[in-house]
>>> print(open('model-v7.txt').read())   # compact mmCIF, C-alpha atoms
# COMPACT_ATOMS: atom_id res chain seq x y z
CA MET A 401 4.68 9.55 8.03
CA SER A 402 1.72 8.10 6.09
CA THR A 403 -1.09 6.56 8.12
CA THR A 404 -2.28 3.00 7.55
CA ARG A 405 -5.91 2.41 8.42
CA TYR A 406 -6.76 -0.93 10.08
CA LEU A 407 -10.30 -2.18 10.62
CA THR A 408 -11.45 -5.06 12.86
CA GLY A 409 -14.96 -6.40 13.43
CA ILE A 410 -16.10 -8.36 16.48
CA THR A 411 -19.25 -10.46 16.15
CA THR A 412 -21.62 -10.07 19.10
CA THR A 413 -22.81 -13.62 19.71
CA GLY A 414 -20.86 -14.87 22.73
CA THR A 415 -18.98 -14.14 25.93
CA PRO A 416 -15.23 -13.41 25.50
CA HIS A 417 -12.93 -16.17 26.74
CA LEU A 418 -9.20 -16.57 27.32
CA GLY A 419 -8.69 -17.69 23.71
CA ASN A 420 -10.27 -14.46 22.43
CA PHE A 421 -8.01 -12.44 24.73
CA VAL A 422 -4.78 -14.13 23.66
CA GLY A 423 -5.61 -14.45 19.96
CA SER A 424 -7.39 -11.16 19.29
CA ILE A 425 -7.99 -8.67 22.10
CA ARG A 426 -4.48 -8.44 23.53
CA PRO A 427 -2.61 -8.18 20.19
CA SER A 428 -5.23 -5.79 18.76
CA VAL A 429 -4.96 -3.41 21.70
CA ALA A 430 -1.17 -3.46 21.37
CA ALA A 431 -1.40 -2.84 17.61
CA SER A 432 -3.71 0.14 18.12
CA LEU A 433 -0.91 1.95 19.95
CA ARG A 434 1.61 1.70 17.09
CA PRO A 435 2.63 4.99 15.43
CA GLY A 436 1.36 5.54 11.90
CA VAL A 437 -1.74 3.41 12.50
CA GLN A 438 -5.37 4.52 12.59
CA SER A 439 -7.55 1.74 14.04
CA PHE A 440 -11.26 1.10 13.66
CA TYR A 441 -12.96 -1.50 15.89
CA PHE A 442 -16.65 -2.24 15.52
CA LEU A 443 -19.21 -4.51 17.13
CA ALA A 444 -20.65 -6.48 14.22
CA ASP A 445 -24.21 -6.79 15.50
CA TYR A 446 -25.74 -6.89 12.00
CA HIS A 447 -23.53 -9.89 11.28
CA ALA A 448 -24.67 -11.48 14.55
CA LEU A 449 -28.25 -11.65 13.22
CA VAL A 450 -27.10 -14.20 10.64
CA LYS A 451 -25.92 -16.57 13.37
CA CYS A 452 -28.19 -15.82 16.32
CA GLU A 453 -31.96 -15.38 16.67
CA ASP A 454 -31.92 -14.59 20.40
CA PRO A 455 -32.28 -10.79 20.85
CA ALA A 456 -31.36 -10.91 24.54
CA ARG A 457 -28.17 -12.80 23.76
CA ILE A 458 -27.11 -10.30 21.12
CA GLN A 459 -27.72 -7.37 23.48
CA ARG A 460 -25.89 -9.09 26.35
CA SER A 461 -22.98 -10.08 24.12
CA THR A 462 -22.67 -6.50 22.85
CA LEU A 463 -22.38 -5.29 26.43
CA GLU A 464 -19.90 -7.98 27.49
CA ILE A 465 -17.66 -7.60 24.44
CA SER A 466 -17.61 -3.80 24.71
CA ALA A 467 -16.71 -3.99 28.40
CA SER A 468 -14.04 -6.64 27.70
CA TRP A 469 -12.21 -4.64 25.05
CA LEU A 470 -12.35 -1.43 27.05
CA ALA A 471 -11.19 -3.18 30.23
CA ALA A 472 -8.32 -4.76 28.27
CA GLY A 473 -6.99 -1.31 27.41
CA LEU A 474 -8.66 -0.25 24.16
CA ASP A 475 -8.64 3.55 24.29
CA PRO A 476 -11.73 5.04 22.60
CA ASP A 477 -9.92 8.37 22.34
CA LYS A 478 -7.15 6.81 20.22
CA VAL A 479 -9.25 4.47 18.08
CA VAL A 480 -12.69 4.63 16.46
CA PHE A 481 -14.80 2.18 18.49
CA TYR A 482 -18.41 1.86 17.40
CA ARG A 483 -21.43 -0.40 16.94
CA GLN A 484 -22.15 -1.43 13.36
CA SER A 485 -25.91 -0.82 13.66
CA ASP A 486 -25.29 2.82 14.64
CA ILE A 487 -23.92 3.50 11.13
CA PRO A 488 -26.89 3.70 8.70
CA GLU A 489 -24.46 4.23 5.83
CA ILE A 490 -23.40 0.56 6.16
CA PRO A 491 -26.67 -1.02 4.95
CA GLU A 492 -26.99 1.66 2.27
CA LEU A 493 -23.52 0.88 0.97
CA THR A 494 -24.36 -2.83 1.14
CA TRP A 495 -27.11 -2.21 -1.40
CA LEU A 496 -24.87 -0.18 -3.69
CA LEU A 497 -22.32 -3.01 -3.64
CA THR A 498 -25.04 -5.63 -4.16
CA CYS A 499 -25.86 -3.94 -7.46
CA VAL A 500 -22.32 -4.42 -8.80
CA THR A 501 -21.66 -7.90 -7.37
CA GLY A 502 -22.20 -11.02 -9.44
CA LYS A 503 -24.15 -13.88 -7.89
CA GLY A 504 -21.41 -16.20 -9.09
CA LEU A 505 -18.94 -14.48 -6.77
CA LEU A 506 -21.23 -15.01 -3.78
CA ASN A 507 -21.83 -18.64 -4.79
CA ARG A 508 -18.14 -19.27 -4.08
CA ALA A 509 -18.20 -17.94 -0.50
CA HIS A 510 -16.91 -20.61 1.89
CA ALA A 511 -19.77 -20.36 4.43
CA TYR A 512 -22.44 -20.61 1.73
CA LYS A 513 -20.69 -23.50 -0.03
CA ALA A 514 -20.32 -25.33 3.28
CA SER A 515 -24.08 -25.05 3.89
CA VAL A 516 -24.85 -26.27 0.38
CA ASP A 517 -22.42 -29.19 0.67
CA LYS A 518 -23.90 -30.22 4.02
CA ASN A 519 -27.40 -30.18 2.56
CA GLN A 520 -26.36 -32.24 -0.43
CA GLU A 521 -24.62 -34.80 1.79
CA THR A 522 -27.83 -35.29 3.77
CA GLY A 523 -30.07 -35.44 0.70
CA ARG A 524 -31.78 -32.09 1.23
CA GLU A 525 -32.29 -29.30 -1.28
CA SER A 526 -29.10 -27.30 -1.78
CA ASP A 527 -30.42 -24.07 -0.26
CA ASP A 528 -32.46 -25.64 2.53
CA GLY A 529 -32.14 -23.44 5.63
CA VAL A 530 -29.88 -20.93 3.85
CA THR A 531 -31.03 -17.38 4.52
CA ALA A 532 -30.38 -14.44 2.23
CA GLY A 533 -28.43 -13.01 5.17
CA LEU A 534 -25.95 -15.89 5.05
CA PHE A 535 -25.67 -15.59 1.27
CA MET A 536 -25.17 -11.81 1.40
CA TYR A 537 -22.81 -11.86 4.39
CA PRO A 538 -19.72 -11.11 2.22
CA VAL A 539 -21.39 -7.97 0.81
CA LEU A 540 -22.14 -6.61 4.26
CA MET A 541 -18.57 -7.35 5.31
CA ALA A 542 -17.30 -5.54 2.20
CA ALA A 543 -19.42 -2.51 3.11
CA ASP A 544 -17.94 -2.49 6.62
CA ILE A 545 -14.46 -2.33 5.14
CA LEU A 546 -14.94 -0.12 2.10
CA ALA A 547 -17.02 2.52 3.92
CA PHE A 548 -13.94 3.58 5.88
CA LYS A 549 -11.31 3.08 3.16
CA ALA A 550 -9.43 0.55 5.28
CA HIS A 551 -6.00 -0.40 4.01
CA LYS A 552 -5.52 -3.50 6.17
CA VAL A 553 -7.99 -5.94 7.73
CA PRO A 554 -6.52 -8.33 10.32
CA VAL A 555 -8.11 -11.75 9.77
CA GLY A 556 -7.42 -15.42 10.18
CA ARG A 557 -6.51 -17.38 7.09
CA ASP A 558 -10.08 -18.70 6.85
CA GLN A 559 -11.33 -15.12 6.38
CA VAL A 560 -8.95 -14.07 3.59
CA GLN A 561 -11.55 -14.91 0.95
CA HIS A 562 -13.88 -12.25 2.34
CA ILE A 563 -11.21 -9.59 1.95
CA GLU A 564 -10.53 -10.70 -1.61
CA MET A 565 -14.26 -10.49 -2.33
CA ALA A 566 -14.37 -6.97 -0.85
CA ARG A 567 -11.55 -6.03 -3.24
CA ASP A 568 -13.50 -7.47 -6.18
CA MET A 569 -16.63 -5.53 -5.23
CA GLY A 570 -14.71 -2.30 -4.75
CA ALA A 571 -12.91 -2.77 -8.06
CA SER A 572 -16.21 -3.45 -9.87
CA PHE A 573 -17.69 -0.25 -8.47
CA ASN A 574 -14.56 1.73 -9.35
CA HIS A 575 -14.63 0.35 -12.88
CA LEU A 576 -18.22 1.51 -13.41
CA TYR A 577 -18.26 4.80 -11.52
CA GLY A 578 -14.69 6.00 -11.16
CA GLU A 579 -12.08 5.49 -8.48
CA HIS A 580 -13.79 5.87 -5.12
CA PHE A 581 -12.82 2.88 -3.00
CA VAL A 582 -9.49 1.93 -1.48
CA LEU A 583 -8.97 -1.77 -2.18
CA PRO A 584 -8.13 -3.44 1.15
CA GLU A 585 -5.58 -6.11 1.93
CA ALA A 586 -5.85 -8.97 4.39
CA ALA A 587 -3.36 -8.75 7.26
CA VAL A 588 -2.78 -12.37 8.28
CA ASP A 589 -0.58 -12.96 11.31
CA GLU A 590 0.75 -16.48 10.94
CA HIS A 591 1.85 -16.40 14.58
CA VAL A 592 -1.53 -15.64 16.14
CA ALA A 593 -1.77 -17.64 19.35
CA THR A 594 -4.60 -20.14 19.69
CA LEU A 595 -5.39 -21.63 23.07
CA PRO A 596 -6.61 -25.15 23.77
CA GLY A 597 -9.78 -25.46 25.79
CA LEU A 598 -10.60 -27.57 28.83
CA ASP A 599 -10.73 -30.74 26.73
CA GLY A 600 -7.57 -30.10 24.71
CA ARG A 601 -9.36 -29.04 21.52
CA LYS A 602 -9.21 -25.43 20.34
CA MET A 603 -10.94 -23.18 22.87
CA SER A 604 -14.28 -22.36 21.30
CA LYS A 605 -17.84 -21.78 22.44
CA SER A 606 -18.83 -24.29 19.74
CA TYR A 607 -17.08 -27.00 21.78
CA ASP A 608 -18.34 -25.68 25.13
CA ASN A 609 -14.77 -25.89 26.45
CA THR A 610 -13.99 -22.24 27.16
CA ILE A 611 -12.71 -20.34 30.18
CA PRO A 612 -14.61 -17.02 30.29
CA LEU A 613 -12.17 -14.13 30.27
CA PHE A 614 -13.48 -12.45 33.38
CA SER A 615 -14.35 -15.46 35.51
CA SER A 616 -14.03 -14.80 39.23
CA ARG A 617 -10.94 -16.24 40.86
CA ALA A 618 -13.05 -19.03 42.36
CA GLN A 619 -14.59 -19.85 38.96
CA LEU A 620 -11.16 -19.69 37.36
CA GLN A 621 -9.77 -22.12 39.91
CA LYS A 622 -12.63 -24.55 39.31
CA LEU A 623 -12.30 -24.39 35.50
CA ILE A 624 -8.51 -24.76 35.52
CA GLY A 625 -8.92 -27.71 37.86
CA GLY A 626 -11.02 -29.35 35.16
CA ILE A 627 -8.39 -29.11 32.39
CA VAL A 628 -7.82 -32.60 31.01
CA THR A 629 -4.41 -34.11 31.85
CA ASP A 630 -2.99 -37.61 31.58
CA SER A 631 -2.67 -40.15 34.38
CA ARG A 632 1.03 -39.69 35.16
CA ALA A 633 1.66 -39.51 38.86
CA PRO A 634 3.78 -36.94 40.74
CA GLY A 635 7.46 -37.64 40.12
CA GLU A 636 6.88 -39.05 36.64
CA PRO A 637 8.26 -36.89 33.78
CA LYS A 638 5.51 -35.23 31.75
CA ASP A 639 5.34 -34.04 28.14
CA VAL A 640 4.73 -30.40 27.31
CA GLU A 641 3.75 -31.31 23.76
CA GLY A 642 -0.01 -31.61 23.60
CA SER A 643 -0.45 -30.37 27.15
CA ALA A 644 -3.33 -27.86 27.20
CA LEU A 645 -2.27 -26.74 30.65
CA PHE A 646 1.26 -25.92 29.49
CA GLN A 647 0.08 -24.07 26.36
CA ILE A 648 -2.27 -21.84 28.34
CA TYR A 649 0.47 -21.14 30.88
CA GLN A 650 2.87 -20.18 28.08
CA ALA A 651 0.41 -17.55 26.82
CA PHE A 652 0.42 -15.77 30.18
CA ALA A 653 4.01 -16.27 31.35
CA THR A 654 7.38 -14.81 30.42
CA PRO A 655 9.83 -16.91 28.38
CA GLU A 656 11.87 -17.49 31.54
CA GLU A 657 8.82 -18.68 33.47
CA THR A 658 7.82 -20.93 30.59
CA ALA A 659 11.30 -22.48 30.50
CA ALA A 660 11.12 -23.08 34.24
CA LEU A 661 7.79 -24.91 33.95
CA ARG A 662 9.15 -26.96 31.06
CA GLN A 663 11.91 -28.16 33.38
CA GLN A 664 9.38 -28.87 36.13
CA TYR A 665 7.44 -31.03 33.67
CA ALA A 666 10.62 -32.99 33.00
CA ASP A 667 11.19 -33.30 36.75
CA GLY A 668 7.71 -34.74 37.32
CA ILE A 669 5.67 -31.85 38.75
CA ALA A 670 2.27 -32.93 40.07
CA TRP A 671 -0.68 -31.90 37.94
CA GLY A 672 -2.27 -30.17 40.91
CA ALA A 673 0.83 -28.03 41.44
CA ALA A 674 1.00 -27.18 37.72
CA LYS A 675 -2.65 -26.10 37.78
CA GLU A 676 -2.00 -23.92 40.80
CA LEU A 677 0.86 -22.21 38.93
CA LEU A 678 -1.43 -21.63 35.96
CA LEU A 679 -4.14 -20.15 38.18
CA GLU A 680 -1.71 -17.66 39.73
CA HIS A 681 -0.31 -16.52 36.37
CA VAL A 682 -3.67 -16.13 34.63
CA ASP A 683 -5.25 -14.37 37.61
CA ALA A 684 -2.29 -11.98 37.90
CA VAL A 685 -2.96 -10.80 34.33
CA ILE A 686 -6.75 -10.82 34.49
CA ALA A 687 -7.43 -9.48 38.01
CA PRO A 688 -6.68 -5.78 37.29
CA MET A 689 -8.78 -5.90 34.11
CA ARG A 690 -11.53 -7.81 35.93
CA ALA A 691 -12.08 -4.92 38.30
CA GLN A 692 -12.45 -2.50 35.39
CA TYR A 693 -14.71 -4.95 33.55
CA GLU A 694 -17.03 -5.29 36.52
CA ALA A 695 -17.21 -1.50 36.87
CA LEU A 696 -18.14 -1.16 33.20
CA MET A 697 -20.74 -3.92 33.36
CA ALA A 698 -22.34 -2.12 36.29
CA ASP A 699 -22.54 1.09 34.24
CA PRO A 700 -23.97 0.21 30.80
CA GLU A 701 -24.86 3.87 30.19
CA ARG A 702 -21.13 4.62 30.12
CA ILE A 703 -20.55 1.96 27.48
CA GLU A 704 -23.51 3.20 25.46
CA ALA A 705 -22.15 6.76 25.53
CA THR A 706 -18.73 5.49 24.44
CA LEU A 707 -20.19 3.59 21.48
CA LEU A 708 -22.36 6.51 20.39
CA ALA A 709 -19.37 8.85 20.54
CA GLY A 710 -17.44 6.38 18.40
CA ALA A 711 -20.33 6.18 15.94
CA GLU A 712 -20.33 9.96 15.65
CA ARG A 713 -16.64 9.89 14.72
CA ALA A 714 -17.22 7.05 12.28
CA ARG A 715 -20.15 8.79 10.61
CA ALA A 716 -18.10 11.97 10.20
CA LEU A 717 -16.21 9.90 7.63
CA ALA A 718 -18.98 7.65 6.32
CA THR A 719 -21.70 10.25 5.73
CA PRO A 720 -19.83 12.49 3.25
CA PHE A 721 -18.36 9.41 1.56
CA LEU A 722 -21.83 7.93 1.00
CA ARG A 723 -22.96 11.29 -0.33
CA GLU A 724 -20.12 11.04 -2.85
CA LEU A 725 -21.09 7.48 -3.79
CA ARG A 726 -24.78 8.35 -4.15
CA ASN A 727 -23.82 11.13 -6.52
CA ALA A 728 -21.52 8.79 -8.45
CA VAL A 729 -24.32 6.29 -9.18
CA GLY A 730 -26.88 8.98 -10.04
CA LEU A 731 -28.85 9.24 -6.79
CA ARG A 732 -28.85 13.03 -6.97
CA SER A 733 -31.14 15.94 -6.28
CA LEU A 734 -33.33 16.97 -9.18
CA ALA A 735 -33.21 20.64 -8.21
CA PRO A 736 -31.05 22.44 -10.78
CA SER A 737 -29.61 24.73 -8.13
CA GLN A 738 -28.35 21.76 -6.12
CA THR A 739 -26.85 19.40 -8.66
CA VAL A 740 -24.71 19.17 -11.74
CA PHE A 741 -26.04 17.18 -14.69
CA ALA A 742 -23.91 15.43 -17.27
CA SER A 743 -25.32 15.15 -20.78
CA GLY A 744 -23.66 14.29 -24.06
CA GLY A 745 -20.19 14.94 -22.70
CA SER A 746 -21.04 18.48 -21.57
CA VAL A 747 -21.72 19.67 -18.04
CA PHE A 748 -24.22 22.37 -17.15
CA ALA A 749 -25.77 23.65 -13.95
CA ALA A 750 -28.47 26.18 -13.34
CA GLY A 751 -28.07 28.70 -10.61
CA ARG A 752 -24.39 28.09 -9.79
CA PRO A 753 -21.07 27.37 -11.49
CA SER A 754 -20.24 23.80 -12.48
CA ALA A 755 -18.06 21.84 -10.10
CA LYS A 756 -14.71 21.10 -11.63
CA ARG A 757 -14.40 17.47 -12.67
CA LEU A 758 -11.08 15.68 -12.84
CA PRO A 759 -9.65 12.77 -14.81
CA ALA A 760 -10.02 9.41 -13.04
CA PHE A 761 -8.33 6.03 -12.87
CA LYS A 762 -10.56 2.96 -13.16
CA GLN A 763 -9.17 -0.36 -11.96
CA TYR A 764 -10.82 -3.65 -12.93
CA ARG A 765 -10.38 -7.37 -13.52
CA GLU A 766 -10.94 -9.06 -16.87
CA GLN A 767 -12.11 -12.61 -17.67
CA ASP A 768 -8.49 -13.70 -18.10
CA GLY A 769 -8.10 -13.24 -14.35
CA LYS A 770 -5.60 -10.40 -14.81
CA PHE A 771 -5.88 -6.88 -13.40
CA TYR A 772 -5.95 -3.69 -15.47
CA PHE A 773 -6.56 0.02 -15.13
CA LYS A 774 -7.29 2.91 -17.44
CA LEU A 775 -7.18 6.68 -17.20
CA VAL A 776 -10.14 8.63 -18.52
CA ASP A 777 -10.65 12.36 -18.73
CA ALA A 778 -13.53 14.31 -17.17
CA ASP A 779 -15.77 13.47 -20.12
CA GLY A 780 -14.99 9.76 -20.03
CA ARG A 781 -12.57 9.74 -22.99
CA LEU A 782 -9.92 7.02 -22.71
CA LEU A 783 -6.45 8.53 -22.33
CA LEU A 784 -4.28 5.65 -21.12
CA GLN A 785 -4.65 1.88 -20.90
CA SER A 786 -2.53 -0.48 -18.82
CA LEU A 787 -1.35 -3.92 -19.80
CA ALA A 788 -2.12 -6.92 -17.58
CA PHE A 789 -0.98 -7.19 -13.97
CA ASP A 790 -0.95 -10.47 -12.06
CA ALA A 791 -2.10 -8.92 -8.79
CA PRO A 792 -4.34 -5.95 -7.93
CA LYS A 793 -1.64 -4.64 -5.61
CA GLU A 794 0.73 -4.28 -8.59
CA ALA A 795 -1.87 -2.35 -10.58
CA GLY A 796 -2.58 -0.14 -7.57
CA ALA A 797 1.12 0.58 -7.11
CA ALA A 798 1.39 1.66 -10.76
CA ILE A 799 -1.60 3.99 -10.33
CA ALA A 800 0.02 5.46 -7.24
CA GLN A 801 3.18 6.19 -9.24
CA LEU A 802 1.23 7.87 -12.02
CA ARG A 803 -0.63 10.01 -9.52
CA GLN A 804 2.70 11.57 -8.61
CA GLY A 805 2.90 13.14 -12.06
CA PRO A 806 3.90 12.58 -15.71
CA ALA A 807 7.48 11.57 -14.80
CA ALA A 808 6.19 8.07 -14.02
CA LEU A 809 5.18 7.52 -17.67
CA GLY A 810 8.75 6.73 -18.60
CA SER A 811 9.42 4.21 -15.84
CA LEU A 812 6.10 2.45 -16.50
CA ALA A 813 6.31 2.49 -20.27
CA GLY A 814 6.54 -1.29 -20.45
CA ARG A 815 3.26 -1.69 -18.55
CA LEU A 816 1.20 0.84 -20.53
CA ALA A 817 -0.42 0.80 -23.96
CA LEU A 818 -0.78 3.88 -26.13
CA VAL A 819 -4.29 4.92 -27.12
CA ALA A 820 -4.83 5.84 -30.76
CA GLY A 821 -5.50 9.53 -31.25
CA VAL A 822 -4.31 10.54 -27.78
CA ALA A 823 -1.19 12.66 -27.53
CA THR A 824 1.32 12.08 -24.77
CA SER A 825 0.83 15.72 -23.78
CA ASP A 826 -2.87 15.03 -23.13
CA VAL A 827 -1.97 12.20 -20.75
CA ALA A 828 0.66 14.36 -19.04
CA GLU A 829 -1.82 17.21 -18.61
CA ALA A 830 -4.37 14.85 -17.02
CA LEU A 831 -1.76 13.53 -14.59
CA GLU A 832 -0.76 17.04 -13.70
CA GLN A 833 -4.39 17.84 -12.86
CA LEU A 834 -4.53 14.85 -10.50
CA ASN A 835 -1.30 15.93 -8.85
CA GLN A 836 -2.49 19.47 -8.07
>>> encode(input="model-v7.txt", output="C-alpha cells")
Amino acid sequence: MSTTRYLTGITTTGTPHLGNFVGSIRPSVAASLRPGVQSFYFLADYHALVKCEDPARIQRSTLEISASWLAAGLDPDKVVFYRQSDIPEIPELTWLLTCVTGKGLLNRAHAYKASVDKNQETGRESDDGVTAGLFMYPVLMAADILAFKAHKVPVGRDQVQHIEMARDMGASFNHLYGEHFVLPEAAVDEHVATLPGLDGRKMSKSYDNTIPLFSSRAQLQKLIGGIVTDSRAPGEPKDVEGSALFQIYQAFATPEETAALRQQYADGIAWGAAKELLLEHVDAVIAPMRAQYEALMADPERIEATLLAGAERARALATPFLRELRNAVGLRSLAPSQTVFASGGSVFAAGRPSAKRLPAFKQYREQDGKFYFKLVDADGRLLLQSLAFDAPKEAGAAIAQLRQGPAALGSLAGRLALVAGVATSDVAEALEQLNQ
C-alpha cells in the first residue's frame, strides 16, 4: 500500500477552544490513525510572529497548543510532531523559493490584498502597516509543505490559495533545476464542523466568544450558562435552527441523543435544563483529556522533549533534502574532491568517480495558463515535450505513467509532441533509466 503524506500547521497565537477541538483537533487525531497515512503536525511559531508581537503569548500558546493536541490523543510515536522554529531548513528553503517566486504571485495573496484594500478604503498608502513578513507569508507556508514532500494539506476553503501558490513555487523550482518537489494538493473537507460561540457567531478569539477547551467544570458551567438564547419560557416550543446551544450539543452527542434533544426542544424544554444537558455532555468528553492536559502543563520539560524528538525525526528528512536542493542551485563545495562540476555538457570530478546523473522531468506552467512538462537527459538535451494540460494534477499523472517505463509512450501519444532529431529509442532508454 502506498503512503500518503499529510501535513498540518497550527499557529501559536491563542488558547485552544471547543471550536478548535471539533473542527480541527478531533478529526486530525482520528485521521492520523488511518492506515496508509503518514502525518506531520507542526507548531507554526514563525507564522505567529506575523500576527503577534507578544513573546510571552507566543511561548504560552506553544505550550498550551502542544499540551492540547497531546491530551486529545495525538501520538508522537505515530506522527511527526514538531515546532517549526526547530527546523532551520525551513527558513533556508524559504529563501530558495523566494528566488523563484514572482512578486506578482505574492501580490495576489488574499491576506495581503485585504490589507491593501483596507488601507485604500481609509485613504492611507496601500502598503501602510504591511510588513514583509505578511507579504512573504505564502513563501514560508510553501517551504513548510515542500520541505517534507507533503501530498495533501488539510485546509479550509479560505486557505486553498496558499496551497495553489505552493504548487506554483514548487513547479517553478522544478522547471529551473529539475524535478525535486512533490506538488501538494489541498484537502478540503466540506463537512468540517464549525461551532457557534457564546453570542451565536462563529466561535473565534477574534470575537471574544470562545469556550476554552480545557476550562474547569465550574468555568464550563459559567460559560455555558452565558450562551445567548431567546426569551421563550419553559413549555414553549423552541427552534433548533440557529440555536448555538443545540449546535454545540450536537457536536458532542450521539445521533440518538441529538434526536432526543430535538424532540425536547419541540416539547418546550427550559433553557436552564438544556444548558445543564450540554454541560454534562461536553464535560463527559473533555474531563478525561483535561486531566492529561493539566499533567502536561505541569511538566513543560516533557512537552519540550517531545517536540525536540519530533524535530529530530523531521530533520532526518529535511536535512538531506536541503543538501540536495543546495546542490541543485549551485551552492556546492569548491573542493574538487567533494563535488562534481558540470561544464559544457561534460561532467568531471577530481579525486573520485563522477556521480551518475539521470534524465529528469521538468513540470511548469506557461503564460497561457496551461501546464506542461518535458523530459531532458543528463546533459539537459530535450528528449520529450508534452502538450498542454488543464490541471497540474493531469500533467503529474502523465509523468507518473511515464516513470513506469516506455510502455506508457503509446497510451500517452496524444498528449506528447515529438522532438526533432530525437529517436524514440532515445526516449525509451531514458525512461528505462528512470525505472531502474
>>> closest_residue(input="model-v7.txt", among="A:Gly730, A:Gly504, A:Glu704, A:Ala659", to="Gln459 (chain A)", atoms="all atoms listed in the file")
A:Glu704
>>> atom_distance(input="model-v7.txt", atom1="CA of Phe442 (chain A)", atom2="CA of Ala550 (chain A)")
12.8 Å
>>> residues_around(input="model-v7.txt", residues="Asp826 (chain A)", least_positions_apart="2", cutoff="12 Å", atoms="all atoms listed in the file", output="ChimeraX atom specification")
/A:759,775-777,781-784,806,818-819,821-824,828-833
>>> closest_atom_pairs(input="model-v7.txt", of="region 425-525 of chain A", to="region 689-696 of chain A", cutoff="8 Å", atoms="all atoms listed in the file", output="CSV")
residue,atom,partner,partner_atom,distance
A:Ala467,CA,A:Tyr693,CA,5.6
A:Ser468,CA,A:Tyr693,CA,6.1
A:Leu470,CA,A:Tyr693,CA,7.8
A:Ala471,CA,A:Tyr693,CA,5.2
A:Ala472,CA,A:Met689,CA,6.0
>>> closest_residue(input="model-v7.txt", among="A:Val450, A:Val729, A:Ile545, A:Leu407", to="Cys499 (chain A)", atoms="all atoms listed in the file")
A:Val729
>>> atom_distance(input="model-v7.txt", atom1="CA of Tyr665 (chain A)", atom2="CA of Gly597 (chain A)")
19.7 Å
>>> residues_around(input="model-v7.txt", residues="Glu492 (chain A)", least_positions_apart="6", cutoff="10 Å", atoms="all atoms listed in the file", output="CSV table (one decimal) with C-alpha atoms, keeping the file's coordinate frame")
chain,number,residue,atom,x,y,z
A,498,THR,CA,-25.0,-5.6,-4.2
A,540,LEU,CA,-22.1,-6.6,4.3
A,543,ALA,CA,-19.4,-2.5,3.1
A,722,LEU,CA,-21.8,7.9,1.0
A,726,ARG,CA,-24.8,8.4,-4.2
>>> closest_residue(input="model-v7.txt", among="A:Glu712, A:Glu724, A:Asp544, A:Asp790", to="Gly769 (chain A)", atoms="all atoms listed in the file")
A:Asp790
>>> residues_near_point(input="model-v7.txt", point="(-15.3, -15.4, 32.3)", cutoff="8 Å", atoms="all atoms listed in the file", output="mmCIF file with C-alpha atoms, in the coordinates of the input")
data_model
loop_
_atom_site.group_PDB
_atom_site.id
_atom_site.type_symbol
_atom_site.label_atom_id
_atom_site.label_comp_id
_atom_site.auth_asym_id
_atom_site.auth_seq_id
_atom_site.Cartn_x
_atom_site.Cartn_y
_atom_site.Cartn_z
ATOM 1 C CA THR A 415 -18.980 -14.140 25.930
ATOM 2 C CA PRO A 416 -15.230 -13.410 25.500
ATOM 3 C CA HIS A 417 -12.930 -16.170 26.740
ATOM 4 C CA LEU A 418 -9.200 -16.570 27.320
ATOM 5 C CA ILE A 611 -12.710 -20.340 30.180
ATOM 6 C CA PRO A 612 -14.610 -17.020 30.290
ATOM 7 C CA LEU A 613 -12.170 -14.130 30.270
ATOM 8 C CA PHE A 614 -13.480 -12.450 33.380
ATOM 9 C CA SER A 615 -14.350 -15.460 35.510
ATOM 10 C CA SER A 616 -14.030 -14.800 39.230
ATOM 11 C CA LEU A 620 -11.160 -19.690 37.360
#
>>> atom_distance(input="model-v7.txt", atom1="CA of Lys451 (chain A)", atom2="CA of Asp486 (chain A)")
19.4 Å
>>> closest_residue(input="model-v7.txt", among="A:Leu725, A:Ala514, A:Leu708, A:Leu816", to="Ser485 (chain A)", atoms="all atoms listed in the file")
A:Leu708
>>> closest_residue(input="model-v7.txt", among="A:Ala808, A:Ala705, A:Leu679, A:Leu546", to="Glu489 (chain A)", atoms="all atoms listed in the file")
A:Leu546
>>> closest_residue(input="model-v7.txt", among="A:Ser572, A:Gly409, A:Gly423, A:Asp475", to="Ala444 (chain A)", atoms="all atoms listed in the file")
A:Gly409
>>> residues_around(input="model-v7.txt", residues="Gly672 (chain A)", least_positions_apart="3", cutoff="10 Å", atoms="all atoms listed in the file", output="CSV table (one decimal) with C-alpha atoms, in the frame of the given file")
chain,number,residue,atom,x,y,z
A,624,ILE,CA,-8.5,-24.8,35.5
A,625,GLY,CA,-8.9,-27.7,37.9
A,634,PRO,CA,3.8,-36.9,40.7
A,669,ILE,CA,5.7,-31.8,38.8
A,675,LYS,CA,-2.6,-26.1,37.8
A,676,GLU,CA,-2.0,-23.9,40.8
A,677,LEU,CA,0.9,-22.2,38.9
A,678,LEU,CA,-1.4,-21.6,36.0
>>> decode(input="model-v7.txt", residues="region 703-725 of chain A", atoms="C-alpha atoms", output="tab-separated table (two decimals), in the first residue's frame")
chain	number	residue	atom	x	y	z
A	703	ILE	CA	6.50	18.67	26.12
A	704	GLU	CA	9.83	20.22	25.17
A	705	ALA	CA	11.44	16.78	24.93
A	706	THR	CA	8.55	15.55	22.78
A	707	LEU	CA	8.88	18.48	20.36
A	708	LEU	CA	12.66	18.12	20.11
A	709	ALA	CA	12.31	14.41	19.40
A	710	GLY	CA	9.81	15.26	16.68
A	711	ALA	CA	12.17	17.86	15.24
A	712	GLU	CA	14.93	15.27	15.09
A	713	ARG	CA	12.67	12.98	13.06
A	714	ALA	CA	11.63	15.86	10.82
A	715	ARG	CA	15.21	16.97	10.22
A	716	ALA	CA	16.22	13.42	9.30
A	717	LEU	CA	14.13	14.10	6.19
A	718	ALA	CA	14.68	17.84	5.74
A	719	THR	CA	18.46	17.99	6.13
A	720	PRO	CA	19.43	15.63	3.27
A	721	PHE	CA	16.68	17.13	1.09
A	722	LEU	CA	18.05	20.66	1.60
A	723	ARG	CA	21.51	19.34	0.81
A	724	GLU	CA	20.07	18.07	-2.48
A	725	LEU	CA	18.42	21.42	-3.19
